[in-house]
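J.: My structure is in input17.pdb, and what it holds is PDB, C-alpha atoms:
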ATOM      1  CA  MET N  80      -3.993  -5.014 -21.835
ATOM      2  CA  ASN N  81      -5.892  -1.778 -21.283
ATOM      3  CA  ASN N  82      -5.058   1.500 -22.991
ATOM      4  CA  TYR N  83      -4.199   3.805 -20.096
ATOM      5  CA  SER N  84      -3.350   6.965 -22.046
ATOM      6  CA  GLU N  85      -6.538   8.780 -20.967
ATOM      7  CA  LEU N  86      -5.909   7.909 -17.329
ATOM      8  CA  GLU N  87      -2.264   8.988 -17.534
ATOM      9  CA  ASN N  88      -3.404  12.339 -18.928
ATOM     10  CA  LEU N  89      -5.872  12.784 -16.077
ATOM     11  CA  ILE N  90      -3.403  11.939 -13.328
ATOM     12  CA  GLU N  91      -0.637  13.862 -15.122
ATOM     13  CA  TYR N  92       1.822  11.006 -14.778
ATOM     14  CA  LYS N  93       3.187   8.669 -17.460
ATOM     15  CA  PHE N  94       4.237   5.250 -16.238
ATOM     16  CA  LYS N  95       7.666   3.932 -17.107
ATOM     17  CA  ASP N  96       6.396   0.379 -16.583
ATOM     18  CA  ILE N  97       2.727   0.183 -17.573
ATOM     19  CA  SER N  98       2.403  -3.325 -16.125
ATOM     20  CA  HIS N  99       2.117  -1.680 -12.693
ATOM     21  CA  LEU N 100      -1.302  -0.374 -13.763
ATOM     22  CA  ASP N 101      -2.412  -3.843 -14.859
ATOM     23  CA  THR N 102      -1.550  -5.110 -11.392
ATOM     24  CA  ALA N 103      -3.179  -2.116  -9.698
ATOM     25  CA  PHE N 104      -6.496  -2.863 -11.404
ATOM     26  CA  THR N 105      -6.557  -6.669 -11.136
ATOM     27  CA  HIS N 106      -9.189  -7.863  -8.661
ATOM     28  CA  LYS N 107      -8.468 -11.129  -6.843
ATOM     29  CA  SER N 108     -11.558 -12.701  -8.442
ATOM     30  CA  TYR N 109      -9.835 -12.397 -11.841
ATOM     31  CA  THR N 110      -6.636 -14.082 -10.665
ATOM     32  CA  ASN N 111      -8.720 -16.905  -9.171
ATOM     33  CA  GLU N 112     -10.721 -17.301 -12.364
ATOM     34  CA  ILE N 113      -7.966 -17.359 -14.997
ATOM     35  CA  MET N 114      -5.652 -19.716 -13.049
ATOM     36  CA  VAL N 115      -3.093 -19.508 -15.868
ATOM     37  CA  GLY N 116       0.445 -18.398 -15.077
ATOM     38  CA  LYS N 117       0.956 -15.889 -12.306
ATOM     39  CA  ARG N 118      -1.160 -12.752 -12.238
ATOM     40  CA  GLU N 119      -0.862 -10.724  -9.061
ATOM     41  CA  SER N 120      -3.981  -9.000  -7.732
ATOM     42  CA  TYR N 121      -3.941  -5.419  -6.454
ATOM     43  CA  GLU N 122      -3.990  -6.369  -2.760
ATOM     44  CA  ARG N 123      -0.284  -5.766  -2.073
ATOM     45  CA  TYR N 124      -0.339  -2.485  -4.038
ATOM     46  CA  GLU N 125      -3.399  -1.438  -2.058
ATOM     47  CA  PHE N 126      -1.590  -2.214   1.214
ATOM     48  CA  LEU N 127       1.309   0.005   0.182
ATOM     49  CA  GLY N 128      -0.939   2.741  -1.239
ATOM     50  CA  ASP N 129      -3.008   2.909   1.938
ATOM     51  CA  ALA N 130       0.107   3.605   4.037
ATOM     52  CA  ILE N 131       1.447   6.189   1.571
ATOM     53  CA  LEU N 132      -1.935   7.920   1.377
ATOM     54  CA  GLU N 133      -2.069   8.246   5.155
ATOM     55  CA  TYR N 134       1.477   9.646   5.244
ATOM     56  CA  VAL N 135       0.921  12.227   2.469
ATOM     57  CA  VAL N 136      -2.384  13.428   3.909
ATOM     58  CA  SER N 137      -0.976  13.557   7.447
ATOM     59  CA  ASP N 138       2.074  15.532   6.318
ATOM     60  CA  TYR N 139      -0.099  17.989   4.369
ATOM     61  CA  LEU N 140      -2.551  18.580   7.227
ATOM     62  CA  PHE N 141       0.252  18.915   9.793
ATOM     63  CA  THR N 142       1.858  21.634   7.668
ATOM     64  CA  GLU N 143      -1.260  23.459   6.493
ATOM     65  CA  TYR N 144      -3.139  23.458   9.827
ATOM     66  CA  PRO N 145      -0.441  24.355  12.406
ATOM     67  CA  ASP N 146      -2.959  25.375  15.077
ATOM     68  CA  MET N 147      -5.194  22.302  14.806
ATOM     69  CA  SER N 148      -5.130  19.789  17.673
ATOM     70  CA  GLU N 149      -4.124  16.155  17.204
ATOM     71  CA  GLY N 150      -7.723  15.035  17.680
ATOM     72  CA  ASP N 151      -9.070  17.425  15.054
ATOM     73  CA  LEU N 152      -6.256  16.510  12.635
ATOM     74  CA  THR N 153      -7.165  12.834  13.040
ATOM     75  CA  LYS N 154     -10.838  13.573  12.423
ATOM     76  CA  LEU N 155     -10.089  15.669   9.343
ATOM     77  CA  ARG N 156      -7.766  13.013   7.924
ATOM     78  CA  ALA N 157     -10.447  10.382   8.442
ATOM     79  CA  SER N 158     -12.947  12.486   6.492
ATOM     80  CA  LEU N 159     -10.522  12.749   3.569
ATOM     81  CA  VAL N 160      -9.554   9.078   3.301
ATOM     82  CA  CYS N 161     -13.000   7.570   3.952
ATOM     83  CA  GLU N 162     -14.625   5.182   1.478
ATOM     84  CA  PHE N 163     -17.179   7.757   0.337
ATOM     85  CA  THR N 164     -14.529  10.285  -0.707
ATOM     86  CA  LEU N 165     -12.076   7.857  -2.309
ATOM     87  CA  SER N 166     -14.757   5.975  -4.259
ATOM     88  CA  LYS N 167     -16.119   9.260  -5.601
ATOM     89  CA  ILE N 168     -12.667  10.234  -6.919
ATOM     90  CA  SER N 169     -12.302   6.761  -8.428
ATOM     91  CA  ARG N 170     -15.563   7.272 -10.302
ATOM     92  CA  ASP N 171     -14.362  10.645 -11.567
ATOM     93  CA  LEU N 172     -11.245   8.901 -12.896
ATOM     94  CA  ARG N 173     -13.305   5.951 -14.242
ATOM     95  CA  LEU N 174     -11.027   3.483 -12.446
ATOM     96  CA  GLY N 175     -13.711   0.792 -12.485
ATOM     97  CA  SER N 176     -13.630   0.710 -16.280
ATOM     98  CA  TYR N 177      -9.985  -0.400 -16.178
ATOM     99  CA  GLY N 178     -10.576  -3.219 -13.722
ATOM    100  CA  TYR N 179      -9.921  -6.884 -14.424
ATOM    101  CA  PHE N 180     -12.731  -8.867 -12.768
ATOM    102  CA  SER N 181     -14.119 -12.368 -12.925
ATOM    103  CA  LYS N 182     -17.364 -12.755 -14.859
ATOM    104  CA  GLY N 183     -19.234 -13.245 -11.607
ATOM    105  CA  GLU N 184     -17.765 -10.142  -9.970
ATOM    106  CA  LYS N 185     -18.464  -8.060 -13.065
ATOM    107  CA  ASN N 186     -22.049  -9.330 -13.301
ATOM    108  CA  THR N 187     -22.710  -8.313  -9.690
ATOM    109  CA  GLY N 188     -21.412  -4.780 -10.259
ATOM    110  CA  GLY N 189     -17.965  -5.089  -8.744
ATOM    111  CA  GLN N 190     -16.538  -2.379 -11.003
ATOM    112  CA  ASN N 191     -18.931   0.125  -9.432
ATOM    113  CA  ARG N 192     -18.810  -1.048  -5.804
ATOM    114  CA  ASP N 193     -17.622   1.632  -3.372
ATOM    115  CA  SER N 194     -15.324  -0.679  -1.418
ATOM    116  CA  ILE N 195     -13.577  -1.924  -4.571
ATOM    117  CA  LEU N 196     -13.270   1.567  -6.053
ATOM    118  CA  CYS N 197     -11.706   2.709  -2.776
ATOM    119  CA  ASP N 198      -9.243  -0.213  -2.959
ATOM    120  CA  MET N 199      -8.377   0.648  -6.560
ATOM    121  CA  PHE N 200      -7.654   4.261  -5.657
ATOM    122  CA  GLU N 201      -5.183   3.085  -3.012
ATOM    123  CA  SER N 202      -3.637   0.467  -5.315
ATOM    124  CA  LEU N 203      -3.157   3.152  -7.986
ATOM    125  CA  ILE N 204      -1.218   5.187  -5.429
ATOM    126  CA  GLY N 205       0.897   2.118  -4.659
ATOM    127  CA  ALA N 206       1.597   1.636  -8.370
ATOM    128  CA  MET N 207       2.575   5.290  -8.830
ATOM    129  CA  TYR N 208       4.916   5.133  -5.850
ATOM    130  CA  ILE N 209       6.659   1.980  -7.118
ATOM    131  CA  ASP N 210       7.018   3.454 -10.603
ATOM    132  CA  GLY N 211       7.853   7.082  -9.835
ATOM    133  CA  GLY N 212       8.469   7.648  -6.129
ATOM    134  CA  ILE N 213       6.862   9.891  -3.546
ATOM    135  CA  LYS N 214       6.840  13.144  -5.558
ATOM    136  CA  ALA N 215       4.607  11.676  -8.270
ATOM    137  CA  VAL N 216       2.209  10.432  -5.599
ATOM    138  CA  GLN N 217       2.152  13.730  -3.706
ATOM    139  CA  GLY N 218       1.188  15.651  -6.826
ATOM    140  CA  PHE N 219      -1.634  13.240  -7.604
ATOM    141  CA  ILE N 220      -3.046  13.207  -4.058
ATOM    142  CA  ARG N 221      -2.874  16.986  -3.743
ATOM    143  CA  LYS N 222      -4.699  17.476  -7.040
ATOM    144  CA  TYR N 223      -7.518  14.994  -6.496
ATOM    145  CA  LEU N 224      -7.912  14.681  -2.736
ATOM    146  CA  LEU N 225      -6.444  17.697  -0.957
ATOM    147  CA  THR N 226      -8.736  20.249  -2.598
ATOM    148  CA  ASP N 227     -12.131  21.486  -1.432
ATOM    149  CA  ILE N 228     -11.274  20.074   1.988
ATOM    150  CA  GLU N 229     -14.087  21.853   3.842
ATOM    151  CA  HIS N 230     -16.702  20.301   1.559
ATOM    152  CA  LYS N 231     -15.185  16.822   1.966
ATOM    153  CA  LYS N 232     -15.181  17.350   5.726
ATOM    154  CA  LEU N 233     -18.940  17.943   5.594
ATOM    155  CA  TYR N 234     -19.519  14.306   4.679
ATOM    156  CA  TYR N 235     -17.727  13.123   7.792
ATOM    157  CA  ASP N 236     -19.617  15.630   9.958
ATOM    158  CA  SER N 237     -22.979  15.146   8.232
ATOM    159  CA  LYS N 238     -24.686  13.161  11.019
ATOM    160  CA  THR N 239     -23.703  15.771  13.594
ATOM    161  CA  LYS N 240     -24.839  18.631  11.364
ATOM    162  CA  LEU N 241     -28.152  16.929  10.590
ATOM    163  CA  GLN N 242     -28.693  16.394  14.325
ATOM    164  CA  GLU N 243     -28.228  20.137  14.795
ATOM    165  CA  VAL N 244     -30.881  20.773  12.127
ATOM    166  CA  SER N 245     -33.329  18.456  13.888
ATOM    167  CA  GLN N 246     -32.751  20.174  17.241
ATOM    168  CA  LYS N 247     -33.204  23.606  15.676
ATOM    169  CA  GLU N 248     -36.494  22.534  14.099
ATOM    170  CA  ASP N 249     -37.480  20.560  17.207
ATOM    171  CA  LYS N 250     -38.163  17.423  15.150
ATOM    172  CA  THR N 251     -37.192  13.827  15.832
ATOM    173  CA  LEU N 252     -34.371  12.456  13.660
ATOM    174  CA  LYS N 253     -34.450   8.723  12.909
ATOM    175  CA  TYR N 254     -32.411   6.351  10.745
ATOM    176  CA  ASN N 255     -34.226   3.257   9.486
ATOM    177  CA  LEU N 256     -32.583   0.118   8.090
ATOM    178  CA  LEU N 257     -34.501  -0.781   4.935
ATOM    179  CA  SER N 258     -32.614  -3.862   3.772
ATOM    180  CA  GLU N 259     -29.241  -5.508   3.350
ATOM    181  CA  ASP N 260     -27.865  -7.792   0.676
ATOM    182  CA  GLY N 261     -24.685  -9.516  -0.433
ATOM    183  CA  PRO N 262     -22.441 -12.123   1.223
ATOM    184  CA  GLU N 263     -21.332 -11.748   4.826
ATOM    185  CA  HIS N 264     -17.875 -10.436   3.859
ATOM    186  CA  ASP N 265     -19.266  -7.830   1.455
ATOM    187  CA  LYS N 266     -22.721  -6.719   2.568
ATOM    188  CA  THR N 267     -24.486  -3.572   1.386
ATOM    189  CA  PHE N 268     -26.860  -1.814   3.782
ATOM    190  CA  TYR N 269     -29.712   0.467   2.694
ATOM    191  CA  VAL N 270     -31.194   3.042   5.072
ATOM    192  CA  ASN N 271     -33.405   6.094   5.017
ATOM    193  CA  VAL N 272     -33.516   9.029   7.391
ATOM    194  CA  SER N 273     -36.621  10.832   8.548
ATOM    195  CA  LEU N 274     -37.065  14.243  10.118
ATOM    196  CA  GLY N 275     -40.291  14.282  12.055
ATOM    197  CA  ASP N 276     -42.838  12.429   9.914
ATOM    198  CA  GLU N 277     -41.022  13.031   6.611
ATOM    199  CA  ILE N 278     -38.452  10.763   4.978
ATOM    200  CA  ILE N 279     -35.832  13.175   3.665
ATOM    201  CA  ALA N 280     -33.126  10.970   2.143
ATOM    202  CA  GLU N 281     -31.712   7.497   1.586
ATOM    203  CA  GLY N 282     -28.203   6.090   1.657
ATOM    204  CA  LYS N 283     -26.269   2.870   1.222
ATOM    205  CA  GLY N 284     -22.902   1.577   2.355
ATOM    206  CA  HIS N 285     -20.909  -1.472   3.351
ATOM    207  CA  SER N 286     -21.712  -0.872   7.002
ATOM    208  CA  LYS N 287     -24.787   0.567   8.679
ATOM    209  CA  LYS N 288     -22.678   3.480   9.882
ATOM    210  CA  THR N 289     -21.534   4.334   6.347
ATOM    211  CA  ALA N 290     -25.077   3.990   5.008
ATOM    212  CA  GLU N 291     -26.363   6.370   7.702
ATOM    213  CA  GLN N 292     -23.520   8.789   7.019
ATOM    214  CA  THR N 293     -24.392   8.844   3.321
ATOM    215  CA  ALA N 294     -28.101   9.277   4.068
ATOM    216  CA  ALA N 295     -27.316  12.222   6.359
ATOM    217  CA  PHE N 296     -25.096  13.817   3.704
ATOM    218  CA  ASN N 297     -27.843  13.379   1.076
ATOM    219  CA  ALA N 298     -30.384  14.818   3.524
ATOM    220  CA  LEU N 299     -28.286  17.945   4.040
ATOM    221  CA  LYS N 300     -28.126  18.396   0.268
ATOM    222  CA  ASN N 301     -31.884  17.855  -0.082
ATOM    223  CA  LEU N 302     -32.553  20.408   2.671
ATOM    224  CA  GLY N 303     -30.279  22.962   1.016
ATOM    225  CA  VAL N 304     -27.886  23.048   3.989
ATOM    226  CA  ILE N 305     -24.900  22.232   1.758
TER     227      ILE N 305
END
Please express the file's structure as C-alpha coordinates.
T.:
Amino acid sequence: MNNYSELENLIEYKFKDISHLDTAFTHKSYTNEIMVGKRESYERYEFLGDAILEYVVSDYLFTEYPDMSEGDLTKLRASLVCEFTLSKISRDLRLGSYGYFSKGEKNTGGQNRDSILCDMFESLIGAMYIDGGIKAVQGFIRKYLLTDIEHKKLYYDSKTKLQEVSQKEDKTLKYNLLSEDGPEHDKTFYVNVSLGDEIIAEGKGHSKKTAEQTAAFNALKNLGVI
(Lines of atoms letter the chains of each structure in order from A and count residues from 1; the text may use other names and numbers.)
(Lines give C-alpha, C1' and ligand atoms only; values in the text may rest on other atoms or scores of the structure.)
Protein backbone atom coordinates (compact mmCIF):
# COMPACT_ATOMS: atom_id res chain seq x y z
CA MET A 1 0.00 0.00 0.00
CA ASN A 2 1.22 3.49 -0.83
CA ASN A 3 1.89 6.18 1.75
CA TYR A 4 -0.55 8.94 0.82
CA SER A 5 0.27 11.46 3.55
CA GLU A 6 2.02 13.86 1.15
CA LEU A 7 -0.90 13.73 -1.26
CA GLU A 8 -3.43 14.26 1.53
CA ASN A 9 -1.49 17.35 2.62
CA LEU A 10 -1.51 18.72 -0.92
CA ILE A 11 -5.22 18.18 -1.49
CA GLU A 12 -6.00 19.30 2.08
CA TYR A 13 -8.21 16.29 2.73
CA LYS A 14 -7.57 13.27 4.96
CA PHE A 15 -9.34 10.09 3.92
CA LYS A 16 -11.39 8.19 6.45
CA ASP A 17 -10.97 5.03 4.36
CA ILE A 18 -7.58 5.10 2.63
CA SER A 19 -8.48 2.06 0.51
CA HIS A 20 -10.46 4.44 -1.73
CA LEU A 21 -7.13 5.91 -2.87
CA ASP A 22 -5.75 2.46 -3.67
CA THR A 23 -8.75 1.88 -5.91
CA ALA A 24 -8.51 5.36 -7.44
CA PHE A 25 -4.94 4.69 -8.56
CA THR A 26 -5.26 1.07 -9.74
CA HIS A 27 -5.00 0.80 -13.53
CA LYS A 28 -6.91 -2.06 -15.17
CA SER A 29 -3.62 -3.53 -16.43
CA TYR A 30 -2.64 -4.20 -12.80
CA THR A 31 -5.89 -5.99 -11.98
CA ASN A 32 -5.47 -8.12 -15.11
CA GLU A 33 -1.88 -8.95 -14.23
CA ILE A 34 -2.19 -9.93 -10.56
CA MET A 35 -5.33 -12.08 -11.03
CA VAL A 36 -5.37 -12.83 -7.29
CA GLY A 37 -8.48 -12.04 -5.27
CA LYS A 38 -10.57 -9.07 -6.30
CA ARG A 39 -8.87 -5.75 -6.95
CA GLU A 40 -11.10 -3.13 -8.52
CA SER A 41 -9.56 -0.77 -11.08
CA TYR A 42 -10.26 2.97 -11.08
CA GLU A 43 -12.72 2.86 -13.99
CA ARG A 44 -15.91 3.12 -11.91
CA TYR A 45 -14.40 5.87 -9.73
CA GLU A 46 -13.38 7.71 -12.88
CA PHE A 47 -16.94 7.44 -14.23
CA LEU A 48 -18.30 8.99 -11.05
CA GLY A 49 -15.54 11.62 -10.82
CA ASP A 50 -16.10 12.74 -14.40
CA ALA A 51 -19.78 13.47 -13.70
CA ILE A 52 -19.01 15.26 -10.42
CA LEU A 53 -16.27 17.33 -12.06
CA GLU A 54 -18.66 18.49 -14.77
CA TYR A 55 -21.30 19.40 -12.17
CA VAL A 56 -18.91 21.36 -9.90
CA VAL A 57 -17.34 23.27 -12.79
CA SER A 58 -20.73 23.98 -14.37
CA ASP A 59 -22.16 25.26 -11.08
CA TYR A 60 -19.12 27.48 -10.49
CA LEU A 61 -19.15 29.00 -13.99
CA PHE A 62 -22.93 29.52 -13.92
CA THR A 63 -22.58 31.48 -10.67
CA GLU A 64 -19.38 33.39 -11.41
CA TYR A 65 -20.19 34.36 -15.02
CA PRO A 66 -23.87 35.45 -14.89
CA ASP A 67 -23.71 37.34 -18.19
CA MET A 68 -22.01 34.60 -20.22
CA SER A 69 -24.09 32.79 -22.85
CA GLU A 70 -24.71 29.04 -22.76
CA GLY A 71 -22.40 28.52 -25.73
CA ASP A 72 -19.53 30.43 -24.14
CA LEU A 73 -20.07 28.66 -20.80
CA THR A 74 -19.85 25.31 -22.59
CA LYS A 75 -16.66 26.36 -24.37
CA LEU A 76 -15.07 27.61 -21.15
CA ARG A 77 -16.00 24.44 -19.28
CA ALA A 78 -14.48 22.35 -22.05
CA SER A 79 -11.21 24.28 -21.77
CA LEU A 80 -11.07 23.58 -18.03
CA VAL A 81 -11.80 19.85 -18.11
CA CYS A 82 -9.73 18.97 -21.21
CA GLU A 83 -7.00 16.33 -21.09
CA PHE A 84 -4.21 18.90 -21.30
CA THR A 85 -5.37 20.78 -18.19
CA LEU A 86 -6.26 17.76 -16.05
CA SER A 87 -3.06 15.86 -16.87
CA LYS A 88 -0.98 18.92 -15.98
CA ILE A 89 -2.64 19.13 -12.54
CA SER A 90 -2.09 15.39 -12.09
CA ARG A 91 1.62 15.90 -12.75
CA ASP A 92 1.73 18.73 -10.22
CA LEU A 93 0.19 16.35 -7.67
CA ARG A 94 2.48 13.47 -8.78
CA LEU A 95 -0.54 11.18 -9.20
CA GLY A 96 1.35 8.91 -11.59
CA SER A 97 3.80 7.99 -8.84
CA TYR A 98 0.96 6.47 -6.81
CA GLY A 99 -0.37 4.36 -9.66
CA TYR A 100 -0.58 0.58 -9.64
CA PHE A 101 0.32 -0.62 -13.15
CA SER A 102 1.28 -3.86 -14.81
CA LYS A 103 4.97 -4.24 -15.64
CA GLY A 104 4.18 -3.76 -19.31
CA GLU A 105 2.16 -0.59 -18.75
CA LYS A 106 4.84 0.84 -16.48
CA ASN A 107 7.61 0.02 -18.96
CA THR A 108 5.76 1.88 -21.73
CA GLY A 109 5.34 5.00 -19.59
CA GLY A 110 1.75 4.59 -18.51
CA GLN A 111 2.32 6.53 -15.28
CA ASN A 112 3.19 9.61 -17.35
CA ARG A 113 0.64 9.25 -20.16
CA ASP A 114 -1.73 12.22 -20.45
CA SER A 115 -4.86 10.12 -20.93
CA ILE A 116 -4.13 8.00 -17.84
CA LEU A 117 -3.20 11.01 -15.71
CA CYS A 118 -6.49 12.63 -16.75
CA ASP A 119 -8.35 9.45 -15.74
CA MET A 120 -6.57 9.38 -12.39
CA PHE A 121 -7.52 12.98 -11.66
CA GLU A 122 -11.18 12.11 -12.24
CA SER A 123 -10.94 8.87 -10.23
CA LEU A 124 -9.39 10.82 -7.34
CA ILE A 125 -12.43 13.10 -7.40
CA GLY A 126 -14.68 10.03 -7.33
CA ALA A 127 -12.77 8.66 -4.34
CA MET A 128 -13.01 11.97 -2.46
CA TYR A 129 -16.74 12.17 -3.11
CA ILE A 130 -17.36 8.62 -1.85
CA ASP A 131 -15.24 9.23 1.25
CA GLY A 132 -16.19 12.80 2.15
CA GLY A 133 -19.08 14.08 0.04
CA ILE A 134 -19.48 17.02 -2.30
CA LYS A 135 -17.96 19.73 -0.07
CA ALA A 136 -14.57 18.01 0.05
CA VAL A 137 -14.61 17.70 -3.73
CA GLN A 138 -15.66 21.31 -4.30
CA GLY A 139 -12.77 22.61 -2.22
CA PHE A 140 -10.27 20.47 -4.11
CA ILE A 141 -11.57 21.39 -7.57
CA ARG A 142 -11.72 25.10 -6.75
CA LYS A 143 -8.14 25.08 -5.46
CA TYR A 144 -6.52 23.16 -8.30
CA LEU A 145 -8.74 23.74 -11.33
CA LEU A 146 -10.86 26.85 -10.89
CA THR A 147 -7.93 29.26 -10.58
CA ASP A 148 -6.11 31.15 -13.32
CA ILE A 149 -9.09 30.42 -15.56
CA GLU A 150 -8.12 32.91 -18.28
CA HIS A 151 -4.74 31.24 -18.74
CA LYS A 152 -6.32 27.77 -18.91
CA LYS A 153 -8.78 29.10 -21.46
CA LEU A 154 -5.86 30.13 -23.68
CA TYR A 155 -5.01 26.49 -24.30
CA TYR A 156 -8.47 25.80 -25.66
CA ASP A 157 -8.37 28.94 -27.82
CA SER A 158 -4.74 28.52 -28.89
CA LYS A 159 -5.41 27.43 -32.50
CA THR A 160 -7.72 30.40 -33.05
CA LYS A 161 -5.25 32.82 -31.48
CA LEU A 162 -2.35 31.43 -33.51
CA GLN A 163 -4.44 31.80 -36.67
CA GLU A 164 -4.91 35.46 -35.78
CA VAL A 165 -1.13 35.84 -35.44
CA SER A 166 -0.59 34.29 -38.87
CA GLN A 167 -3.16 36.62 -40.47
CA LYS A 168 -1.60 39.65 -38.79
CA GLU A 169 1.84 38.69 -40.07
CA ASP A 170 0.42 37.59 -43.43
CA LYS A 171 2.13 34.19 -43.19
CA THR A 172 0.77 30.74 -43.94
CA LEU A 173 0.04 28.57 -40.88
CA LYS A 174 0.40 24.81 -41.33
CA TYR A 175 0.20 21.78 -39.04
CA ASN A 176 2.23 18.75 -40.09
CA LEU A 177 1.77 15.19 -38.80
CA LEU A 178 5.25 13.88 -38.01
CA SER A 179 4.45 10.40 -36.72
CA GLU A 180 2.13 8.28 -34.62
CA ASP A 181 2.76 5.31 -32.38
CA GLY A 182 1.03 2.99 -29.94
CA PRO A 183 -1.87 0.54 -30.31
CA GLU A 184 -5.07 1.55 -32.07
CA HIS A 185 -6.95 2.17 -28.80
CA ASP A 186 -4.18 4.34 -27.34
CA LYS A 187 -2.28 6.10 -30.11
CA THR A 188 -0.02 9.11 -29.63
CA PHE A 189 0.25 11.64 -32.46
CA TYR A 190 3.22 13.98 -32.98
CA VAL A 191 2.88 17.18 -35.00
CA ASN A 192 4.72 20.41 -35.65
CA VAL A 193 3.38 23.78 -36.69
CA SER A 194 5.02 26.17 -39.09
CA LEU A 195 4.49 29.87 -39.66
CA GLY A 196 5.61 30.75 -43.14
CA ASP A 197 8.84 28.82 -43.73
CA GLU A 198 9.71 28.44 -40.03
CA ILE A 199 8.76 25.56 -37.75
CA ILE A 200 7.79 27.27 -34.50
CA ALA A 201 6.67 24.46 -32.20
CA GLU A 202 5.81 20.79 -31.74
CA GLY A 203 3.07 19.00 -29.85
CA LYS A 204 1.75 15.54 -29.08
CA GLY A 205 -1.58 14.10 -28.01
CA HIS A 206 -3.89 11.12 -28.18
CA SER A 207 -5.68 12.60 -31.17
CA LYS A 208 -4.42 14.75 -34.02
CA LYS A 209 -6.65 17.56 -32.78
CA THR A 210 -5.11 17.47 -29.29
CA ALA A 211 -1.60 17.30 -30.73
CA GLU A 212 -2.30 20.35 -32.91
CA GLN A 213 -3.85 22.18 -29.96
CA THR A 214 -0.74 21.53 -27.87
CA ALA A 215 1.55 22.59 -30.72
CA ALA A 216 -0.40 25.84 -31.11
CA PHE A 217 -0.22 26.52 -27.36
CA ASN A 218 3.55 25.87 -27.39
CA ALA A 219 3.90 28.13 -30.44
CA LEU A 220 2.15 31.00 -28.66
CA LYS A 221 4.55 30.59 -25.74
CA ASN A 222 7.57 30.47 -28.08
CA LEU A 223 6.37 33.63 -29.85
CA GLY A 224 5.90 35.44 -26.55
CA VAL A 225 2.14 35.87 -27.09
CA ILE A 226 1.35 34.21 -23.75
J.: Could you tell me which of N:Lys283, N:Gly303, N:Glu259, N:Leu132 comes closest to Met207 (chain N) if we count all atoms listed in the file?
T.: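 Smallest separation from Met207 (chain N) among the options: N:Leu132.
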J.: Translate the PyMOL selection byres ((chain N and resi 286-300) around 9), as applied to the file shown, into an explicit residue set as an NGL selection string.
T.: :N and (162-163 or 233-241 or 244 or 254-256 or 266-273 or 279-285 or 301-305)
J.: Evaluate the PyMOL selection byres ((chain N and resi 156) around 12) here and jot the selected residues down as JSON, numbers by chain.
T.: {"N": [132, 133, 134, 135, 136, 137, 138, 139, 140, 141, 144, 147, 149, 150, 151, 152, 153, 154, 155, 157, 158, 159, 160, 161, 164, 224, 225, 228, 229, 231, 232, 235]}
J.: Let me know the residues the PyMOL selection byres ((chain N and resi 190) around 7) catches in the file above, as a PyMOL selection string.
T.: chain N and resi 175-176+178+185+188-189+191-192
J.: Any chance you could work out the axis-aligned box around region 243-246 of chain N, listed atoms only, 5 Å on each side, giving centre and edge lengths in Å to one decimal, as JSON?
T.:
{"center_x": -30.8, "center_y": 19.6, "center_z": 14.7, "size_x": 15.1, "size_y": 12.3, "size_z": 15.1}
J.: Distance CA of Met199 (chain N)-CA of Glu184 (chain N), one decimal place?
T.: 14.7 Å
J.: Grab the CA of Leu174 (chain N) to CA of Thr110 (chain N) distance for me, in Å with one decimal place.
T.: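 We find that CA of Leu174 (chain N) and CA of Thr110 (chain N) lie 18.2 Å from each other.
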J.: Between CA of Phe219 (chain N) and CA of Ser169 (chain N), what distance in Å does the model show, to one decimal?
T.: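 These atoms are spaced 12.5 Å apart.
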J.: Using all atoms listed in the file, which of N:Leu165, N:Ile195, N:Leu86, N:Ala206 sits nearest Gly128 (chain N)?
T.: N:Ala206
J.: Pick out the closest residue to Lys107 (chain N) from this set: N:Glu125, N:Glu119, N:Asp198, N:Asp227. Count only C-alpha atoms.
T.: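 Counting only C-alpha atoms, the residue closest to Lys107 (chain N) is N:Glu119.
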J.: Quick one: of N:Leu89, N:Glu277, N:His264, N:Ile213, who's nearest to Leu252 (chain N), counting only C-alpha atoms?
T.: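 Ranked by minimum distance to Leu252 (chain N), first place goes to N:Glu277.
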J.: Which residues are close to Arg118 (chain N), i.e. within 9 Å by all atoms listed in the file, leaving aside same-chain residues fewer than 5 positions away? Reply as a list in words.
T.: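 Within the cut-off, the hits are Thr102, Thr105, Tyr109, Thr110 and Ile113 of chain N.
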J.: Point out the residue among N:Gly211, N:Gly205, N:Gly275, N:Pro262 with the least atom-to-atom distance to Ser245 (chain N), counting all atoms listed in the file.
T.: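 Closest candidate: N:Gly275.
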J.: Which is closer to Glu112 (chain N) than all the others in N:Phe94, N:Tyr223, N:Tyr124, N:Phe180, using all atoms listed in the file?
T.: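 Looking only at the distances to Glu112 (chain N), the closest residue turns out to be N:Phe180.
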